[in-house]
Amino acid sequence: MKPPMTRAFVFPGQGSQALGMGVELAKAFQAARDVLAEVDEALKQRLSKLMAEGPEAELTLTENAQPALMAVSIAALRAIEREGNTTLAKLAAMVAGHSLGEYSALCAAGALNLADAARLLKRRGRAMQTAVPVGEGAMAALLGAELDFARTVAKEAAVATGLVCDVANDNAPGQVVVSGAAAAVDKAMEIAKAGGKRSIRLPVSAPFHCRLMRPAAEEMKKALAETAIATPVVPVVANVTAAPGDDPEAIRRQLVEQVTATVRWRECVAAMKAAGATLLVECGAGKVLTGLAKRIDKDLQAVAVGTPAEVEAFLKTV
């Protein structure tokens, strides 16, 4: 059994969504059903039906995928808490989330209530989607590239085209993503190839985490100004600082900055390890963060908890 000081709970971001997510959790656990019902009510939308039945293209829309992923993460967490007769504060020393997953982490730690988190993510998804006309922006993963190489490539592409190209995600060693105007991202891919690195365009509908998202950041500034944020029960490692914090006003500012800033996930994981975490518990859909953890630090253990069987297996370890 691991003491809570060695555990960090982490929450996935966009791209982890899949049709049918959350269905088995809801069948198995009343706590999960309660979460999905509360999110449906907060959004005045049958999001749980969309998650279960599709159509998949509609679930993939940013304004649906973001609150849906948060709902599954919190459904899994509430199932763990209720079935284990425990709380997050007893289970984990800290939390973090990848991009939209930061809202899941804040909800898990009690800084945001569930209804507010769902409404904020719906608004965030819509704002990010409409910030740049479809087709004008793009994102690409530079394979085998480190952060400094990606920064140089993005800067050269921006200078060459006169358009925005920024580093959007520093996910793990060898997995850095650039984002910006489509022509600038294409140029970045050319420059990366000349530098001996392969790259792939990502199937996204907007260029997230770059300066083109400023209209969305302004929208979130308004939304967050109207939202209550409490002190989280455990520190939250923020995407923009890669450091743990618990000050509500700092959290509010960081969530605005996060829309246009690099997701510093590699550094977030390193910060959790430095703070004593030896096990990352990925709560929600998929296993993306579990895979990244192994690439970031081979000594870190990671486990995904998103199905009834995984919830039960995890509870045997606490």
# chains A, B, ... in the order shown; residues from 1 in each chain; ligands from 1
call {"tool": "residues_around", "arguments": {"residues": "range 20-26 of chain A", "least_positions_apart": "5", "cutoff": "7 Å", "atoms": "only C-alpha atoms", "output": "number ranges by chain"}}
result
A: 32-33, 51-53, 72, 76, 285, 307-308
call {"tool": "residues_around", "arguments": {"residues": "Leu315 in chain A", "least_positions_apart": "5", "cutoff": "9 Å", "atoms": "only C-alpha atoms", "output": "number ranges by chain"}}
result
A: 80, 83-84, 310
call {"tool": "write_last_selection", "arguments": {"atoms": "C-alpha atoms", "output": "mmCIF file, in the first residue's frame"}}
result
data_model
loop_
_atom_site.group_PDB
_atom_site.id
_atom_site.type_symbol
_atom_site.label_atom_id
_atom_site.label_comp_id
_atom_site.auth_asym_id
_atom_site.auth_seq_id
_atom_site.Cartn_x
_atom_site.Cartn_y
_atom_site.Cartn_z
ATOM 1 C CA ILE A 80 -13.217 5.544 -6.237
ATOM 2 C CA GLU A 83 -16.677 2.681 -3.170
ATOM 3 C CA GLY A 84 -13.499 3.092 -1.121
ATOM 4 C CA GLU A 310 -9.656 -0.581 -12.974
#
call {"tool": "closest_residue", "arguments": {"among": "A:Ser73, A:Gln254, A:Asn239, A:Gln175", "to": "Phe149 in chain A", "atoms": "only C-alpha atoms"}}
result
A:Gln175
call {"tool": "select_by_dssp", "arguments": {"residues": "range 132-178 of chain A", "states": "strand (DSSP E or B)", "output": "MDAnalysis selection string"}}
result
chainID A and resid 137:143 165:172 175:178
call {"tool": "closest_residue", "arguments": {"among": "A:Ala31, A:Val233, A:Ala118, A:Val305", "to": "Gln45 in chain A", "atoms": "only C-alpha atoms"}}
result
A:Ala118
call {"tool": "select_by_dssp", "arguments": {"residues": "range 106-185 of chain A", "states": "helix (DSSP H, G or I)", "output": "ChimeraX atom specification"}}
result
/A:106-108,114-131,147-161,182-185
call {"tool": "atom_distance", "arguments": {"atom1": "CA of Lys49 in chain A", "atom2": "CA of Ala37 in chain A"}}
result
10.3 Å
call {"tool": "closest_residue", "arguments": {"among": "A:Gly286, A:Gly15, A:Pro232, A:Gly174", "to": "Ser205 in chain A", "atoms": "only C-alpha atoms"}}
result
A:Gly15
call {"tool": "atom_distance", "arguments": {"atom1": "CA of Ala238 in chain A", "atom2": "CA of Glu81 in chain A"}}
result
23.5 Å
call {"tool": "residues_around", "arguments": {"residues": "range 8-14 of chain A", "least_positions_apart": "2", "cutoff": "7 Å", "atoms": "only C-alpha atoms", "output": "list in words"}}
result
Thr6, Ser16, Gln17, Ala65, Gln66, Ser73, Ala92, Ala93, Met94, Val95, Ala96, Gly97, His98, Ser99, Leu100, Gly101, Ser104, Ala105, Ala277, Leu279, Leu280, Val281, Glu282, Cys283, Gly284 and Leu289 of chain A
call {"tool": "write_last_selection", "arguments": {"atoms": "N, CA and C atoms", "output": "PDB file, in the first residue's frame"}}
result
ATOM      1  N   THR A   6       2.845   9.722  -1.794  1.00  0.00           N
ATOM      2  CA  THR A   6       3.593   9.282  -2.975  1.00  0.00           C
ATOM      3  C   THR A   6       2.698   9.190  -4.211  1.00  0.00           C
ATOM      4  N   SER A  16      -8.362  12.101 -25.851  1.00  0.00           N
ATOM      5  CA  SER A  16      -8.631  10.845 -25.138  1.00  0.00           C
ATOM      6  C   SER A  16     -10.096  10.411 -25.270  1.00  0.00           C
ATOM      7  N   GLN A  17     -10.934  11.266 -25.880  1.00  0.00           N
ATOM      8  CA  GLN A  17     -12.348  10.919 -25.970  1.00  0.00           C
ATOM      9  C   GLN A  17     -12.582   9.733 -26.906  1.00  0.00           C
ATOM     10  N   ALA A  65     -16.430  17.600 -26.443  1.00  0.00           N
ATOM     11  CA  ALA A  65     -15.353  16.725 -25.958  1.00  0.00           C
ATOM     12  C   ALA A  65     -14.797  17.207 -24.619  1.00  0.00           C
ATOM     13  N   GLN A  66     -14.654  18.538 -24.466  1.00  0.00           N
ATOM     14  CA  GLN A  66     -14.025  19.048 -23.239  1.00  0.00           C
ATOM     15  C   GLN A  66     -14.861  18.754 -21.986  1.00  0.00           C
ATOM     16  N   SER A  73     -13.724  11.781 -16.099  1.00  0.00           N
ATOM     17  CA  SER A  73     -12.676  11.818 -15.066  1.00  0.00           C
ATOM     18  C   SER A  73     -13.280  11.913 -13.666  1.00  0.00           C
ATOM     19  N   ALA A  92      -4.262  11.277  -2.409  1.00  0.00           N
ATOM     20  CA  ALA A  92      -3.235  11.915  -3.239  1.00  0.00           C
ATOM     21  C   ALA A  92      -2.598  13.101  -2.545  1.00  0.00           C
ATOM     22  N   ALA A  93      -1.352  13.348  -2.891  1.00  0.00           N
ATOM     23  CA  ALA A  93      -0.634  14.509  -2.356  1.00  0.00           C
ATOM     24  C   ALA A  93      -0.830  15.729  -3.233  1.00  0.00           C
ATOM     25  N   MET A  94      -1.160  15.499  -4.530  1.00  0.00           N
ATOM     26  CA  MET A  94      -1.299  16.603  -5.473  1.00  0.00           C
ATOM     27  C   MET A  94      -2.043  16.106  -6.700  1.00  0.00           C
ATOM     28  N   VAL A  95      -2.489  17.055  -7.536  1.00  0.00           N
ATOM     29  CA  VAL A  95      -3.180  16.713  -8.778  1.00  0.00           C
ATOM     30  C   VAL A  95      -2.650  17.598  -9.907  1.00  0.00           C
ATOM     31  N   ALA A  96      -2.893  17.141 -11.142  1.00  0.00           N
ATOM     32  CA  ALA A  96      -2.566  17.942 -12.327  1.00  0.00           C
ATOM     33  C   ALA A  96      -3.412  17.415 -13.471  1.00  0.00           C
ATOM     34  N   GLY A  97      -3.629  18.272 -14.476  1.00  0.00           N
ATOM     35  CA  GLY A  97      -4.376  17.834 -15.651  1.00  0.00           C
ATOM     36  C   GLY A  97      -3.788  18.424 -16.906  1.00  0.00           C
ATOM     37  N   HIS A  98      -3.918  17.702 -18.014  1.00  0.00           N
ATOM     38  CA  HIS A  98      -3.353  18.128 -19.298  1.00  0.00           C
ATOM     39  C   HIS A  98      -4.368  19.008 -20.021  1.00  0.00           C
ATOM     40  N   SER A  99      -4.050  20.307 -20.151  1.00  0.00           N
ATOM     41  CA  SER A  99      -4.914  21.265 -20.838  1.00  0.00           C
ATOM     42  C   SER A  99      -6.302  21.294 -20.191  1.00  0.00           C
ATOM     43  N   LEU A 100      -7.364  20.852 -20.886  1.00  0.00           N
ATOM     44  CA  LEU A 100      -8.687  20.874 -20.260  1.00  0.00           C
ATOM     45  C   LEU A 100      -8.705  20.029 -18.988  1.00  0.00           C
ATOM     46  N   GLY A 101      -7.793  19.044 -18.906  1.00  0.00           N
ATOM     47  CA  GLY A 101      -7.711  18.193 -17.716  1.00  0.00           C
ATOM     48  C   GLY A 101      -7.391  18.970 -16.452  1.00  0.00           C
ATOM     49  N   SER A 104     -10.542  19.433 -14.743  1.00  0.00           N
ATOM     50  CA  SER A 104     -10.897  18.186 -14.045  1.00  0.00           C
ATOM     51  C   SER A 104     -10.143  18.091 -12.722  1.00  0.00           C
ATOM     52  N   ALA A 105      -8.840  18.430 -12.765  1.00  0.00           N
ATOM     53  CA  ALA A 105      -8.013  18.379 -11.550  1.00  0.00           C
ATOM     54  C   ALA A 105      -8.534  19.356 -10.500  1.00  0.00           C
ATOM     55  N   ALA A 277       6.136  12.370  -5.589  1.00  0.00           N
ATOM     56  CA  ALA A 277       5.232  11.396  -6.212  1.00  0.00           C
ATOM     57  C   ALA A 277       6.027  10.247  -6.834  1.00  0.00           C
ATOM     58  N   LEU A 279       3.870   7.455  -7.900  1.00  0.00           N
ATOM     59  CA  LEU A 279       2.800   6.817  -8.673  1.00  0.00           C
ATOM     60  C   LEU A 279       1.850   7.883  -9.199  1.00  0.00           C
ATOM     61  N   LEU A 280       1.648   7.897 -10.527  1.00  0.00           N
ATOM     62  CA  LEU A 280       0.640   8.759 -11.128  1.00  0.00           C
ATOM     63  C   LEU A 280      -0.601   7.921 -11.408  1.00  0.00           C
ATOM     64  N   VAL A 281      -1.749   8.401 -10.959  1.00  0.00           N
ATOM     65  CA  VAL A 281      -3.022   7.712 -11.174  1.00  0.00           C
ATOM     66  C   VAL A 281      -3.799   8.522 -12.206  1.00  0.00           C
ATOM     67  N   GLU A 282      -3.909   7.992 -13.435  1.00  0.00           N
ATOM     68  CA  GLU A 282      -4.633   8.698 -14.501  1.00  0.00           C
ATOM     69  C   GLU A 282      -6.110   8.373 -14.393  1.00  0.00           C
ATOM     70  N   CYS A 283      -6.894   9.383 -14.125  1.00  0.00           N
ATOM     71  CA  CYS A 283      -8.297   9.196 -13.797  1.00  0.00           C
ATOM     72  C   CYS A 283      -9.161   9.645 -14.973  1.00  0.00           C
ATOM     73  N   GLY A 284      -9.833   8.710 -15.635  1.00  0.00           N
ATOM     74  CA  GLY A 284     -10.714   9.091 -16.732  1.00  0.00           C
ATOM     75  C   GLY A 284     -10.526   8.238 -17.966  1.00  0.00           C
ATOM     76  N   LEU A 289      -1.818   9.738 -20.638  1.00  0.00           N
ATOM     77  CA  LEU A 289      -0.870  10.284 -19.655  1.00  0.00           C
ATOM     78  C   LEU A 289      -0.032   9.179 -19.017  1.00  0.00           C
TER      79      LEU A 289
END
call {"tool": "residues_around", "arguments": {"residues": "Ala150 in chain A", "least_positions_apart": "2", "cutoff": "12 Å", "atoms": "only C-alpha atoms", "output": "ChimeraX atom specification"}}
result
/A:140-148,152-157,165-171,173-179,185,188-189,191-193,195,197-199,262
call {"tool": "atom_distance", "arguments": {"atom1": "CA of Leu202 in chain A", "atom2": "CA of Glu267 in chain A"}}
result
22.3 Å
call {"tool": "closest_residue", "arguments": {"among": "A:Leu77, A:Leu112, A:Ala138, A:Ala242", "to": "Ala275 in chain A", "atoms": "only C-alpha atoms"}}
result
A:Ala242
call {"tool": "closest_residue", "arguments": {"among": "A:Ala75, A:Cys210, A:Ala131, A:Leu106", "to": "Leu255 in chain A", "atoms": "only C-alpha atoms"}}
result
A:Leu106
call {"tool": "decode", "arguments": {"residues": "range 253-271 of chain A", "atoms": "C-alpha atoms", "output": "PDB file, in the first residue's frame"}}
result
ATOM      1  CA  ARG A 253      -5.075  33.903 -13.823  1.00  0.00           C
ATOM      2  CA  GLN A 254      -3.333  30.686 -14.871  1.00  0.00           C
ATOM      3  CA  LEU A 255      -6.490  29.273 -16.463  1.00  0.00           C
ATOM      4  CA  VAL A 256      -6.675  32.378 -18.668  1.00  0.00           C
ATOM      5  CA  GLU A 257      -2.966  32.201 -19.566  1.00  0.00           C
ATOM      6  CA  GLN A 258      -3.278  28.486 -20.247  1.00  0.00           C
ATOM      7  CA  VAL A 259      -5.438  29.063 -23.361  1.00  0.00           C
ATOM      8  CA  THR A 260      -2.551  30.623 -25.325  1.00  0.00           C
ATOM      9  CA  ALA A 261       0.455  29.210 -23.429  1.00  0.00           C
ATOM     10  CA  THR A 262       2.498  26.033 -23.831  1.00  0.00           C
ATOM     11  CA  VAL A 263       1.225  23.004 -21.912  1.00  0.00           C
ATOM     12  CA  ARG A 264       4.371  22.166 -19.948  1.00  0.00           C
ATOM     13  CA  TRP A 265       3.378  18.562 -19.241  1.00  0.00           C
ATOM     14  CA  ARG A 266       6.891  17.091 -19.198  1.00  0.00           C
ATOM     15  CA  GLU A 267       7.882  19.649 -16.553  1.00  0.00           C
ATOM     16  CA  CYS A 268       4.614  19.111 -14.628  1.00  0.00           C
ATOM     17  CA  VAL A 269       5.403  15.411 -14.285  1.00  0.00           C
ATOM     18  CA  ALA A 270       8.988  16.222 -13.253  1.00  0.00           C
ATOM     19  CA  ALA A 271       7.625  18.637 -10.618  1.00  0.00           C
TER      20      ALA A 271
END
